[in-house]
file protein30.pdb (PDB, C-alpha atoms and all ligand atoms)
MODEL        1
ATOM      1  CA  MET A 233      24.592 -86.674-177.438
ATOM      2  CA  PHE A 234      23.805 -87.109-173.785
ATOM      3  CA  CYS A 235      26.033 -85.718-171.011
ATOM      4  CA  ARG A 236      25.609 -86.877-167.439
ATOM      5  CA  ASP A 237      26.170 -84.513-164.541
ATOM      6  CA  CYS A 238      26.650 -81.470-166.721
ATOM      7  CA  GLY A 239      24.471 -79.248-164.527
ATOM      8  CA  GLY A 240      20.715 -79.824-164.261
ATOM      9  CA  PRO A 241      17.758 -77.530-163.598
ATOM     10  CA  GLN A 242      18.126 -74.977-160.849
ATOM     11  CA  GLY A 243      21.840 -75.783-160.789
ATOM     12  CA  GLN A 244      21.290 -79.171-159.151
ATOM     13  CA  GLU A 245      24.391 -81.350-159.116
ATOM     14  CA  GLY A 246      24.355 -84.755-160.765
ATOM     15  CA  HIS A 247      21.333 -84.185-162.995
ATOM     16  CA  PRO A 248      21.620 -85.559-166.527
ATOM     17  CA  GLY A 249      21.279 -83.278-169.505
ATOM     18  CA  GLY A 250      21.013 -83.754-173.283
ATOM     19  CA  LYS A 251      22.517 -81.935-176.264
ATOM     20  CA  GLU A 252      20.790 -82.207-179.625
ATOM     21  CA  LYS A 253      21.716 -80.543-182.890
ATOM     22  CA  GLY A 254      18.066 -80.396-183.941
ATOM     23  CA  ALA A 255      14.822 -79.914-181.987
ATOM     24  CA  VAL A 256      14.256 -82.922-179.694
ATOM     25  CA  ILE A 257      10.503 -83.087-180.350
ATOM     26  CA  ARG A 258      11.090 -84.334-183.934
ATOM     27  CA  SER A 259      14.822 -84.967-184.195
ATOM     28  CA  GLY A 260      16.559 -88.092-185.433
ATOM     29  CA  ALA A 261      15.510 -90.999-187.604
ATOM     30  CA  ALA A 262      12.466 -91.689-185.412
ATOM     31  CA  GLY A 263      11.302 -88.081-185.627
ATOM     32  CA  SER A 264       9.173 -88.723-188.689
ATOM     33  CA  GLY A 265       7.551 -91.711-186.979
ATOM     34  CA  VAL A 266       8.218 -95.445-187.206
ATOM     35  CA  ASP A 267       5.539 -97.998-188.129
ATOM     36  CA  HIS A 268       6.657-101.139-186.289
ATOM     37  CA  TRP A 269       8.431-102.064-183.027
ATOM     38  CA  GLU A 270      10.540-105.185-183.180
ATOM     39  CA  SER A 271      11.546-107.852-180.660
ATOM     40  CA  CYS A 272       8.463-107.688-178.408
ATOM     41  CA  CYS A 273       8.888-111.324-177.388
ATOM     42  CA  THR A 274       7.300-110.853-173.975
ATOM     43  CA  ASN A 275       4.033-109.245-175.123
ATOM     44  CA  PRO A 276       0.950-111.228-173.983
ATOM     45  CA  CYS A 277       0.233-112.565-177.512
ATOM     46  CA  SER A 278       3.803-113.640-178.357
ATOM     47  CA  ARG A 279       4.424-117.297-179.175
ATOM     48  CA  VAL A 280       8.208-117.042-179.023
ATOM     49  CA  THR A 281      10.711-116.557-176.216
ATOM     50  CA  PRO A 282      13.424-113.857-176.076
ATOM     51  CA  LYS A 283      16.062-116.613-176.293
ATOM     52  CA  GLU A 284      14.568-118.097-179.477
ATOM     53  CA  ILE A 285      14.492-114.785-181.322
ATOM     54  CA  ALA A 286      17.906-113.645-180.016
ATOM     55  CA  GLU A 287      19.359-116.896-181.370
ATOM     56  CA  ALA A 288      17.552-116.403-184.689
ATOM     57  CA  TYR A 289      19.126-112.930-185.056
ATOM     58  CA  ILE A 290      22.567-114.404-184.353
ATOM     59  CA  ARG A 291      22.105-117.183-186.927
ATOM     60  CA  GLU A 292      20.750-114.701-189.475
ATOM     61  CA  GLN A 293      23.995-112.712-189.164
ATOM     62  CA  ASP A 294      26.190-115.795-189.567
ATOM     63  CA  TYR A 295      27.185-115.577-185.870
ATOM     64  CA  TYR A 296      28.978-112.206-186.425
ATOM     65  CA  SER A 297      26.590-110.635-183.996
ATOM     66  CA  ASN A 298      26.250-109.277-180.482
ATOM     67  CA  GLY A 299      24.250-112.028-178.793
ATOM     68  CA  ILE A 300      24.074-110.275-175.422
ATOM     69  CA  GLY A 301      22.726-107.122-177.051
ATOM     70  CA  HIS A 302      20.132-109.097-179.004
ATOM     71  CA  TYR A 303      19.000-110.963-175.904
ATOM     72  CA  ILE A 304      18.521-107.697-173.990
ATOM     73  CA  GLU A 305      16.604-106.283-176.975
ATOM     74  CA  CYS A 306      14.318-109.343-177.105
ATOM     75  CA  ARG A 307      13.839-109.563-173.347
ATOM     76  CA  GLU A 308      13.130-105.841-172.816
ATOM     77  CA  GLY A 309      11.656-104.683-176.152
ATOM     78  CA  TYR A 310       8.068-104.920-174.957
ATOM     79  CA  ASP A 311       8.887-103.301-171.577
ATOM     80  CA  GLN A 312      10.326-100.318-173.465
ATOM     81  CA  LEU A 313       7.178-100.095-175.539
ATOM     82  CA  LEU A 314       5.017-100.076-172.393
ATOM     83  CA  ASP A 315       7.217 -97.257-171.085
ATOM     84  CA  MET A 316       6.508 -95.423-174.322
ATOM     85  CA  GLU A 317       2.779 -95.969-173.834
ATOM     86  CA  SER A 318       3.007 -94.628-170.274
ATOM     87  CA  PHE A 319       4.634 -91.456-171.693
ATOM     88  CA  GLY A 320       1.649 -90.996-174.039
ATOM     89  CA  GLY A 321       2.779 -92.877-177.181
ATOM     90  CA  LYS A 322       0.016 -94.819-178.962
ATOM     91  CA  ILE A 323       0.717 -98.554-179.254
ATOM     92  CA  ARG A 324      -2.730-100.173-179.553
ATOM     93  CA  ASP A 325      -5.916 -99.752-181.560
ATOM     94  CA  THR A 326      -8.047 -98.304-178.759
ATOM     95  CA  GLU A 327     -10.740 -96.980-181.126
ATOM     96  CA  GLY A 328     -11.251-100.267-182.975
ATOM     97  CA  GLU A 329     -10.176 -98.693-186.265
ATOM     98  CA  PHE A 330      -8.798-102.065-187.408
ATOM     99  CA  ARG A 331     -11.417-104.280-185.721
ATOM    100  CA  GLY A 332     -11.661-107.630-187.532
ATOM    101  CA  ALA A 333      -8.196-107.381-189.105
ATOM    102  CA  GLU A 334      -6.156-110.578-189.125
ATOM    103  CA  PHE A 335      -3.239-108.809-187.404
ATOM    104  CA  ARG A 336      -5.269-107.309-184.519
ATOM    105  CA  ASP A 337      -5.701-108.940-181.083
ATOM    106  CA  ALA A 338      -9.270-108.255-179.931
ATOM    107  CA  GLU A 339      -8.502-108.422-176.211
ATOM    108  CA  THR A 340      -5.474-106.118-175.994
ATOM    109  CA  GLY A 341      -5.937-104.008-179.137
ATOM    110  CA  LEU A 342      -2.303-104.804-180.005
ATOM    111  CA  MET A 343      -1.563-105.191-183.708
ATOM    112  CA  PHE A 344       1.162-107.247-185.343
ATOM    113  CA  ALA A 345       3.355-106.970-188.422
ATOM    114  CA  TYR A 346       5.126-109.517-190.659
ATOM    115  CA  ASP A 347       4.541-112.715-188.656
ATOM    116  CA  TYR A 348       0.870-113.007-187.674
ATOM    117  CA  LYS A 349       1.425-116.428-186.078
ATOM    118  CA  ASN A 350       4.280-115.721-183.641
ATOM    119  CA  LYS A 351       3.306-112.060-183.030
ATOM    120  CA  PHE A 352       6.498-110.466-181.764
ATOM    121  CA  THR A 353       6.627-107.359-183.986
ATOM    122  CA  LEU A 354       4.026-104.733-183.147
ATOM    123  CA  ARG A 355       2.479-102.151-185.462
ATOM    124  CA  VAL A 356       2.563 -98.794-183.700
ATOM    125  CA  TRP A 357       1.612 -95.134-184.147
ATOM    126  CA  GLY A 358       5.255 -94.039-184.283
ATOM    127  CA  THR A 359       4.500 -90.395-185.069
ATOM    128  CA  THR A 360       3.350 -90.045-181.453
ATOM    129  CA  PHE A 361       6.636 -91.316-179.986
ATOM    130  CA  LYS A 362       9.133 -88.447-180.181
ATOM    131  CA  PRO A 363       6.611 -85.865-178.906
ATOM    132  CA  ALA A 364       5.787 -88.279-176.043
ATOM    133  CA  LEU A 365       9.488 -88.707-175.203
ATOM    134  CA  TYR A 366       9.977 -84.952-175.360
ATOM    135  CA  ARG A 367       7.095 -84.336-172.930
ATOM    136  CA  GLU A 368       8.557 -86.955-170.569
ATOM    137  CA  LEU A 369      11.984 -85.278-170.632
ATOM    138  CA  LYS A 370      10.289 -81.978-169.815
ATOM    139  CA  ARG A 371       8.264 -83.587-167.008
ATOM    140  CA  LEU A 372      11.458 -85.004-165.505
ATOM    141  CA  LYS A 373      13.064 -81.567-165.864
ATOM    142  CA  VAL A 374      15.973 -82.945-167.871
ATOM    143  CA  LYS A 375      18.048 -80.024-169.053
ATOM    144  CA  LEU A 376      18.022 -79.919-172.871
ATOM    145  CA  VAL A 377      20.363 -77.868-175.015
ATOM    146  CA  GLU A 378      18.796 -77.955-178.464
ATOM    147  CA  ARG A 379      20.180 -76.935-181.865
ATOM    148  CA  THR A 380      23.662 -77.467-180.491
ATOM    149  CA  GLU A 381      25.987 -79.774-182.382
ATOM    150  CA  ALA A 382      28.748 -81.622-180.532
ATOM    151  CA  THR A 383      31.962 -80.838-182.378
ATOM    152  CA  ALA A 384      34.584 -82.459-180.122
ATOM    153  CA  LEU A 385      34.929 -84.588-177.025
ATOM    154  CA  LEU A 386      37.132 -83.352-174.196
ATOM    155  CA  THR A 387      39.576 -85.829-172.690
ATOM    156  CA  VAL A 388      42.342 -85.792-170.119
ATOM    157  CA  GLU A 389      45.171 -88.269-169.615
ATOM    158  CA  THR A 390      45.966 -89.366-166.088
ATOM    159  CA  GLY A 391      48.337 -92.196-165.236
ATOM    160  CA  GLY A 392      48.562 -93.174-168.918
ATOM    161  CA  LYS A 393      44.777 -93.558-169.203
ATOM    162  CA  LYS A 394      42.508 -91.339-171.238
ATOM    163  CA  ARG A 395      39.292 -90.207-169.588
ATOM    164  CA  GLY A 396      36.358 -88.239-170.999
ATOM    165  CA  ILE A 397      35.611 -84.966-169.207
ATOM    166  CA  GLY A 398      32.908 -83.488-171.443
ATOM    167  CA  ALA A 399      32.388 -82.006-174.875
ATOM    168  CA  ILE A 400      32.314 -78.877-176.975
ATOM    169  CA  GLY A 401      29.129 -77.916-178.789
ATOM    170  CA  MET A 402      28.238 -75.262-181.342
ATOM    171  CA  ASN A 403      24.841 -73.626-181.615
ATOM    172  CA  VAL A 404      23.916 -74.288-185.238
ATOM    173  CA  ARG A 405      22.021 -70.983-185.530
ATOM    174  CA  THR A 406      24.333 -68.500-183.785
ATOM    175  CA  GLY A 407      27.682 -70.284-184.224
ATOM    176  CA  ARG A 408      28.399 -69.761-180.516
ATOM    177  CA  LEU A 409      30.630 -72.395-178.904
ATOM    178  CA  TYR A 410      29.832 -73.960-175.535
ATOM    179  CA  VAL A 411      31.898 -76.142-173.216
ATOM    180  CA  PHE A 412      30.009 -78.889-171.377
ATOM    181  CA  PRO A 413      32.028 -80.386-168.514
ATOM    182  CA  ALA A 414      30.738 -83.861-167.594
ATOM    183  CA  LYS A 415      31.763 -86.742-165.340
ATOM    184  CA  SER A 416      30.560 -89.132-168.015
ATOM    185  CA  THR A 417      29.353 -88.669-171.580
ATOM    186  CA  ILE A 418      27.137 -91.027-173.560
ATOM    187  CA  LEU A 419      27.141 -90.686-177.354
ATOM    188  CA  THR A 420      23.795 -91.469-178.969
ATOM    189  CA  MET A 421      24.365 -89.721-182.288
ATOM    190  CA  SER A 422      23.594 -92.745-184.422
ATOM    191  CA  ARG A 423      26.012 -93.510-187.225
ATOM    192  CA  PRO A 424      26.958 -91.572-190.358
ATOM    193  CA  ALA A 425      24.197 -92.168-192.898
ATOM    194  CA  ARG A 426      22.314 -90.251-195.564
ATOM    195  CA  VAL A 427      20.191 -92.443-197.770
ATOM    196  CA  TRP A 428      17.820 -94.036-195.251
ATOM    197  CA  LEU A 429      18.531 -92.839-191.731
ATOM    198  CA  PHE A 430      18.522 -89.054-191.428
ATOM    199  CA  ASN A 431      21.918 -88.527-189.872
ATOM    200  CA  PRO A 432      24.883 -86.983-191.625
ATOM    201  CA  GLY A 433      26.244 -86.142-188.125
ATOM    202  CA  PRO A 434      29.856 -86.446-187.013
ATOM    203  CA  GLY A 435      29.220 -88.889-184.131
ATOM    204  CA  GLY A 436      31.545 -91.557-185.519
ATOM    205  CA  ALA A 437      34.292 -89.009-186.198
ATOM    206  CA  LEU A 438      34.073 -87.693-182.628
ATOM    207  CA  ARG A 439      34.556 -91.177-181.275
ATOM    208  CA  VAL A 440      37.484 -91.959-183.558
ATOM    209  CA  SER A 441      39.316 -88.743-182.738
ATOM    210  CA  ALA A 442      38.791 -88.978-178.956
ATOM    211  CA  ALA A 443      39.232 -92.697-178.359
ATOM    212  CA  PRO A 444      40.127 -94.871-181.371
ATOM    213  CA  GLU A 445      40.390 -98.017-179.229
ATOM    214  CA  HIS A 446      36.804 -97.514-178.026
ATOM    215  CA  TRP A 447      35.647 -97.110-181.656
ATOM    216  CA  GLN A 448      37.237-100.439-182.539
ATOM    217  CA  ARG A 449      35.459-102.155-179.651
ATOM    218  CA  ALA A 450      32.110-100.563-180.614
ATOM    219  CA  ARG A 451      32.516-101.649-184.250
ATOM    220  CA  HIS A 452      32.889-105.235-183.149
ATOM    221  CA  GLY A 453      29.906-105.002-180.827
ATOM    222  CA  LEU A 454      31.889-105.531-177.644
TER     223      LEU A 454
HETATM  224  C1  LIG B   1      11.489 -93.155-192.437
HETATM  225  C2  LIG B   1      12.034 -94.136-191.406
HETATM  226  C3  LIG B   1      11.224 -95.147-190.944
HETATM  227  C4  LIG B   1      11.715 -96.054-190.005
HETATM  228  N1  LIG B   1      10.876 -97.030-189.546
HETATM  229  C5  LIG B   1      11.298 -97.858-188.577
HETATM  230  C6  LIG B   1      10.393 -98.793-187.983
HETATM  231  O1  LIG B   1       9.220 -98.866-188.343
HETATM  232  N2  LIG B   1      10.863 -99.592-186.987
HETATM  233  C7  LIG B   1      12.167 -99.522-186.556
HETATM  234  O2  LIG B   1      12.526-100.272-185.640
HETATM  235  N3  LIG B   1      13.045 -98.634-187.097
HETATM  236  C8  LIG B   1      12.631 -97.810-188.073
HETATM  237  N4  LIG B   1      13.504 -96.877-188.587
HETATM  238  C9  LIG B   1      14.866 -96.841-188.048
HETATM  239  C10 LIG B   1      14.878 -96.134-186.679
HETATM  240  O3  LIG B   1      14.124 -94.950-186.740
HETATM  241  C11 LIG B   1      16.326 -95.829-186.280
HETATM  242  O4  LIG B   1      17.083 -97.019-186.321
HETATM  243  C12 LIG B   1      16.429 -95.251-184.878
HETATM  244  O5  LIG B   1      15.575 -94.131-184.704
HETATM  245  C13 LIG B   1      17.876 -94.871-184.606
HETATM  246  O6  LIG B   1      17.948 -94.316-183.307
HETATM  247  P1  LIG B   1      19.262 -93.649-182.807
HETATM  248  O7  LIG B   1      18.948 -93.062-181.461
HETATM  249  O8  LIG B   1      20.410 -94.595-182.949
HETATM  250  O9  LIG B   1      19.563 -92.478-183.861
HETATM  251  P2  LIG B   1      18.743 -91.171-184.181
HETATM  252  O10 LIG B   1      17.275 -91.324-183.910
HETATM  253  O11 LIG B   1      19.142 -90.739-185.566
HETATM  254  O12 LIG B   1      19.279 -90.140-183.096
HETATM  255  C14 LIG B   1      20.525 -89.530-183.217
HETATM  256  C15 LIG B   1      20.332 -88.079-182.783
HETATM  257  O13 LIG B   1      21.614 -87.481-182.636
HETATM  258  C16 LIG B   1      21.562 -86.172-183.154
HETATM  259  N5  LIG B   1      22.931 -85.822-183.509
HETATM  260  C17 LIG B   1      23.709 -86.363-184.483
HETATM  261  N6  LIG B   1      24.926 -85.795-184.466
HETATM  262  C18 LIG B   1      24.923 -84.903-183.448
HETATM  263  C19 LIG B   1      25.904 -83.996-182.916
HETATM  264  N7  LIG B   1      27.125 -83.903-183.430
HETATM  265  N8  LIG B   1      25.557 -83.220-181.856
HETATM  266  C20 LIG B   1      24.303 -83.295-181.318
HETATM  267  N9  LIG B   1      23.343 -84.112-181.778
HETATM  268  C21 LIG B   1      23.652 -84.905-182.827
HETATM  269  C22 LIG B   1      20.618 -86.256-184.363
HETATM  270  O14 LIG B   1      20.076 -84.996-184.682
HETATM  271  C23 LIG B   1      19.579 -87.249-183.844
HETATM  272  O15 LIG B   1      18.494 -86.602-183.185
HETATM  273  C24 LIG B   1      13.047 -95.951-189.533
HETATM  274  C25 LIG B   1      13.852 -94.915-189.993
HETATM  275  C26 LIG B   1      13.362 -94.016-190.917
HETATM  276  C27 LIG B   1      14.244 -92.909-191.393
ENDMDL
END
call {"tool": "encode", "arguments": {"input": "protein30.pdb", "output": "structure tokens"}}
result
Amino acid sequence: MFCRDCGGPQGQEGHPGGKEKGAVIRSGAAGSGVDHWESCCTNPCSRVTPKEIAEAYIREQDYYSNGIGHYIECREGYDQLLDMESFGGKIRDTEGEFRGAEFRDAETGLMFAYDYKNKFTLRVWGTTFKPALYRELKRLKVKLVERTEATALLTVETGGKKRGIGAIGMNVRTGRLYVFPAKSTILTMSRPARVWLFNPGPGGALRVSAAPEHWQRARHGL
């Protein structure tokens, strides 16, 4: 969960902060490390455009899909990966460990998965990513409240409209409850899952209880 304006370092106003029920350095489904990064249509070796792959995703899902979301993913996927590299994540074979491999580009050291002709999915050293993100959060002095599980969203009704004003969180080790006032709150708690993604968290339930109409919109990708 990510709360904006909930009180940053040195009490600065308007500084974003993050709540995480685990330890940010290895939390979440990506904590164990991913092996490929999809939708890098703008990398220098790609032979496809963001539009082509966004349309392919939409067709693959029988048009029940969020085309705008897919286009953004395809247009910005590689930019996000370069951000990750700038934070210290490893995205290319700098040591030549895979020199000569069919899926390796000699000039850039980038390596590809699945489709060696069109080259829009990159093989990466995903175990380096969460620690790199964590270091970047620290460098930016983002206030982190770790091992604290969001248990409810706070809302207020004014003029017939419901508005989020923060959340309640519980430290999973001490059981202590905290109130986090926030001008805006972004939920990034993934979805309830157990078998593949590591997240039995209550993110979906929080959304349903605080704003069922928003949950319906999110389900339909709007
Ligand atoms: C083994 C494995 C390999 C994978 N390999 C790849 C791959 O190669 N390429 C790829 O694209 N994808 C891969 N994936 C999928 C990818 O990792 C996930 O889709 C992605 O990380 C999901 O990101 P997310 O931010 O939505 O959720 P998450 O990374 O799960 O983040 C949600 C965070 O919210 C926290 N949280 C949940 N509930 C609460 C709460 N109530 N209060 C506070 N915090 C809470 C969780 O602890 C977690 O840190 C893989 C997944 C796994 C498990």
call {"tool": "closest_residue", "arguments": {"input": "protein30.pdb", "among": "A:Glu305, A:Gln293, A:Val374, A:Asp337", "to": "ligand LIG 1 (chain B)", "atoms": "only C-alpha atoms and all ligand atoms"}}
result
A:Glu305
call {"tool": "closest_residue", "arguments": {"input": "protein30.pdb", "among": "A:Arg395, A:Lys362, A:Arg408, A:Arg279", "to": "ligand LIG 1 (chain B)", "atoms": "all atoms listed in the file"}}
result
A:Lys362
call {"tool": "resolve_selection", "arguments": {"input": "protein30.pdb", "expression": "the PyMOL selection byres (((not hetatm)) within 8 of (chain B and resi 1))", "output": "MDAnalysis selection string"}}
result
chainID A and resid 233 251:256 258:270 358 379:383 401 420:423 428:435 438
call {"tool": "closest_residue", "arguments": {"input": "protein30.pdb", "among": "A:Glu339, A:Glu292, A:Glu378, A:Glu327", "to": "Tyr366 in chain A", "atoms": "only C-alpha atoms"}}
result
A:Glu378
call {"tool": "atom_distance", "arguments": {"input": "protein30.pdb", "atom1": "CA of Lys351 in chain A", "atom2": "CA of Cys277 in chain A"}}
result
6.3 Å
call {"tool": "resolve_selection", "arguments": {"input": "protein30.pdb", "expression": "the PyMOL selection byres (((chain A and resi 276) around 12) and not hetatm)", "output": "JSON, numbers by chain"}}
result
{"A": [272, 273, 274, 275, 277, 278, 279, 280, 281, 310, 311, 314, 337, 339, 340, 341, 342, 343, 350, 351, 352, 354]}
call {"tool": "atom_distance", "arguments": {"input": "protein30.pdb", "atom1": "CA of Pro363 in chain A", "atom2": "CA of Arg324 in chain A"}}
result
17.1 Å
call {"tool": "atom_distance", "arguments": {"input": "protein30.pdb", "atom1": "CA of Leu385 in chain A", "atom2": "CA of Asn403 in chain A"}}
result
15.6 Å
call {"tool": "closest_residue", "arguments": {"input": "protein30.pdb", "among": "A:Ile300, A:Leu365, A:Val356, A:Ile418", "to": "Lys322 in chain A", "atoms": "all atoms listed in the file"}}
result
A:Val356
call {"tool": "closest_residue", "arguments": {"input": "protein30.pdb", "among": "A:Thr387, A:Ser271, A:Thr406, A:Thr326", "to": "Lys283 in chain A", "atoms": "only C-alpha atoms"}}
result
A:Ser271
call {"tool": "residues_near_point", "arguments": {"input": "protein30.pdb", "point": "(38.4, -84.7, -169.8)", "cutoff": "12 Å", "atoms": "only C-alpha atoms", "output": "number ranges by chain"}}
result
A: 384-390, 393-400, 411-417, 442-443
call {"tool": "axis_aligned_box", "arguments": {"input": "protein30.pdb", "around": "range 334-353 of chain A", "padding_each_side": "6 Å", "output": "JSON"}}
result
{"center_x": -1.3, "center_y": -110.2, "center_z": -183.3, "size_x": 27.9, "size_y": 24.4, "size_z": 26.7}
call {"tool": "closest_residue", "arguments": {"input": "protein30.pdb", "among": "A:Pro282, A:Ser318, A:Thr353, A:Leu409", "to": "His302 in chain A", "atoms": "all atoms listed in the file"}}
result
A:Pro282
